[in-house]
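Let me begin by presenting the structure, written as structure tokens, before commenting on it.
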Amino acid sequence: MEWLTAPFEVTFVQRALWGGMLVSAICALAGTWVVLRGMAFLGDAMSHGLLPGIALAALLGGNLLVGAVASAAVMTAGVSVLGRVRRLSQDTGIGLLFVGMLSLGVIIVSRSQSFAVDLTGFLFGDVLAVREQDLLLLAVALLVALVVSALGHRAFLALAFDSRKAKTLGLRPRLAHAVLLGLLGLAIVASFHIVGTLLVLGLLIAPPAAALPWARSVRGVMALAALLGATATFGGLLLSWHLSTAAGATVSALAVTLFFLSHVVSGLRHRRARLGPVPALEVN
């Protein structure tokens with residue numbers, strides 16, 4: 001039992017756990033729509049698109065979070081504008097923004113004397129360095145994400161399954177798409193400090209994708225995804241403590257492992273259902 005509780009008696013591990021749980025909830029709200037709409041590439045592009053703002057903030061000695069928010073806003077606006085160009089596919093526009101923003105970020109970071117340190121922290125995060133003020137910011141971000149998700153739920157739902165019908169119903173799909181991009185940006189900005197941009201998709205996509213076979217509604221997917229993300233955070237921190245592995249990477253890897261386990265168990269369940277129910281034993 002001590003093996004299970006010992007790591008969480010340390011203050012910075014406790015903060016890491018709370019930070020990971022808050023991020024898991026934020027990612028569940030945004031990641032569910034990412035999975036339902038097949039927007040994984042967009043999520044990847046936006047996470048890497050944070051580099052220019054973060055790099056510029058580091059170079060100027062500013063707040064990295066402010067830089068990340070600025071880059072997320074540029075990416076959101078860019079994707080929205082390019083998505084209206086009829087002769088340009090959405091994936092092409094996203095890919096161009098992805099490469100352009102990433103290249104610009106590397107150029108800016110290369111001007112810094114601490115290139116390797118800055119880039120490593122950006123790519124892989126540091127969940128064990130979460131501070132109390134970070135927890136407060138994450139709590140505010142979660143509150144904003146909850147409000148946006150509640151107010152935009154109907155529009156997001158129509159957009160995910162039939163964008164033309166959303167327009168017919170007067171739900172303004174373009175605006176809904178822009179707001180959804182903002183929600184995605186919020187989740188990525190909130191998460192990059194915890195697991196880094198290379199691993200953020202682990203918490204953003206794996207828990208909602210793992211929840212899909214078991215939930216019967218979009219809200220159910222979100223709730224179960226938040227629970228699975230919190231489980232990955234707890235288990236990842238526990239394993240990283242005892243195995244001396246990178247905490248953020250371990251959390252992300254465990255989230256992906258839960259996805260595969262979920263779908264394996266779901267596949268076995270459906271296979272058993274196709275074979276028919278097993279006759280119950282009679283009790284005399």
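In the structure tokens, chains take letters A, B, ... by order of appearance, with residues numbered from 1 within each chain and ligands from 1 in the order shown.
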
Give me the residues within 12 Å of Leu96 in chain A as a CSV table (one decimal) with N, CA and C atoms, in the first residue's frame, counting only C-alpha atoms and dropping any in the same chain fewer than 2 places off.
chain,number,residue,atom,x,y,z
A,42,LEU,N,-5.5,18.4,-37.2
A,42,LEU,CA,-5.6,19.8,-36.8
A,42,LEU,C,-5.1,20.0,-35.3
A,45,ALA,N,-1.4,20.0,-35.5
A,45,ALA,CA,-0.8,21.2,-36.1
A,45,ALA,C,-0.9,22.4,-35.1
A,46,MET,N,-2.0,22.5,-34.4
A,46,MET,CA,-2.2,23.6,-33.5
A,46,MET,C,-1.2,23.5,-32.3
A,49,GLY,N,2.0,24.6,-33.6
A,49,GLY,CA,1.9,26.0,-34.0
A,49,GLY,C,2.1,26.9,-32.8
A,75,MET,N,-3.1,30.7,-35.0
A,75,MET,CA,-3.5,29.4,-35.6
A,75,MET,C,-5.0,29.3,-35.9
A,78,GLY,N,-6.0,31.7,-38.6
A,78,GLY,CA,-5.5,31.2,-39.9
A,78,GLY,C,-6.3,30.0,-40.4
A,79,VAL,N,-6.6,29.0,-39.6
A,79,VAL,CA,-7.4,27.9,-40.0
A,79,VAL,C,-8.8,28.3,-40.4
A,82,LEU,N,-8.4,30.2,-43.9
A,82,LEU,CA,-8.0,29.3,-45.0
A,82,LEU,C,-9.1,28.3,-45.3
A,88,LEU,N,-8.9,25.5,-51.9
A,88,LEU,CA,-7.9,24.9,-51.0
A,88,LEU,C,-8.5,24.0,-50.0
A,89,SER,N,-8.1,22.7,-50.0
A,89,SER,CA,-8.7,21.8,-49.1
A,89,SER,C,-8.2,22.2,-47.7
A,90,GLN,N,-9.0,21.8,-46.7
A,90,GLN,CA,-8.8,22.1,-45.3
A,90,GLN,C,-7.4,21.5,-44.8
A,91,ASP,N,-7.2,20.3,-45.2
A,91,ASP,CA,-5.9,19.7,-44.8
A,91,ASP,C,-4.7,20.4,-45.4
A,92,THR,N,-4.8,20.9,-46.6
A,92,THR,CA,-3.7,21.6,-47.2
A,92,THR,C,-3.4,22.9,-46.4
A,93,GLY,N,-4.5,23.6,-46.1
A,93,GLY,CA,-4.3,24.9,-45.4
A,93,GLY,C,-3.7,24.6,-44.0
A,94,ILE,N,-4.2,23.6,-43.3
A,94,ILE,CA,-3.7,23.3,-42.0
A,94,ILE,C,-2.2,22.8,-42.1
A,98,PHE,N,0.9,24.6,-40.3
A,98,PHE,CA,1.7,23.8,-39.4
A,98,PHE,C,3.2,24.0,-39.7
A,99,VAL,N,3.5,23.8,-41.0
A,99,VAL,CA,5.0,23.9,-41.3
A,99,VAL,C,5.5,25.3,-41.2
A,100,GLY,N,4.6,26.3,-41.6
A,100,GLY,CA,5.0,27.7,-41.5
A,100,GLY,C,5.3,28.1,-40.1
A,101,MET,N,4.3,27.8,-39.2
A,101,MET,CA,4.5,28.2,-37.8
A,101,MET,C,5.6,27.5,-37.1
A,102,LEU,N,5.8,26.2,-37.4
A,102,LEU,CA,6.8,25.4,-36.8
A,102,LEU,C,8.2,25.9,-37.2
A,103,SER,N,8.3,26.2,-38.5
A,103,SER,CA,9.6,26.8,-39.0
A,103,SER,C,9.9,28.1,-38.4

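Comparing the minimum interatomic distances between Phe234 in chain A and each of A:Gly248, A:Leu142, A:Met222, A:Pro208, counting only C-alpha atoms, we find that A:Gly248 sits nearest.
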
Exercise for the section: Please return as a PyMOL selection string: the residues of range 15-218 of chain A that backbone DSSP assigns to helix (DSSP H, G or I). Expected result: chain A and resi 15-37+40-48+51-60+64-82+90-109+115-124+127-129+132-161+163-168+173-195+200-211+218

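When only C-alpha atoms are used to measure the gap to Leu136 in chain A, the shortest distance among A:Leu254, A:Ile108, A:Leu22, A:Leu184 belongs to A:Leu22.
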
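The shortest atom-to-atom distance to Leu261 in chain A, with only C-alpha atoms taken into account, belongs to A:Leu228 out of A:Leu228, A:Leu104, A:Ala160, A:Ala187.
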
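Of the listed residues A:Ala206, A:Leu186, A:Val221, A:Leu17, the one whose atoms come nearest to Leu50 in chain A is A:Leu186, with distances taken using only C-alpha atoms.
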
Completion exercise
Across A:Leu60, A:Ala25, A:Leu204, A:Ala232, the smallest distance to Phe192 in chain A, with only C-alpha atoms counted, is shown by A:Leu204

Completion exercise
Of A:Leu275, A:Ala141, A:Val69, A:Leu157, the one sitting nearest Arg37 in chain A when using only C-alpha atoms is A:Leu157

Problem - Nearby residues (only C-alpha atoms) at most 12 Å from Glu132 in chain A, same-chain spacing under 2 positions excluded, as a PyMOL selection string - result: chain A and resi 11-19+128-130+134-139

Practice task
For CA of Leu51 in chain A and CA of Val189 in chain A, determine how far apart the two atoms are, in Å to one decimal place.
Solution key: 10.9 Å

Practice task
State, in Å with one decimal place, the distance from CA of Pro207 in chain A to CA of Ala255 in chain A.
Solution key: 6.3 Å
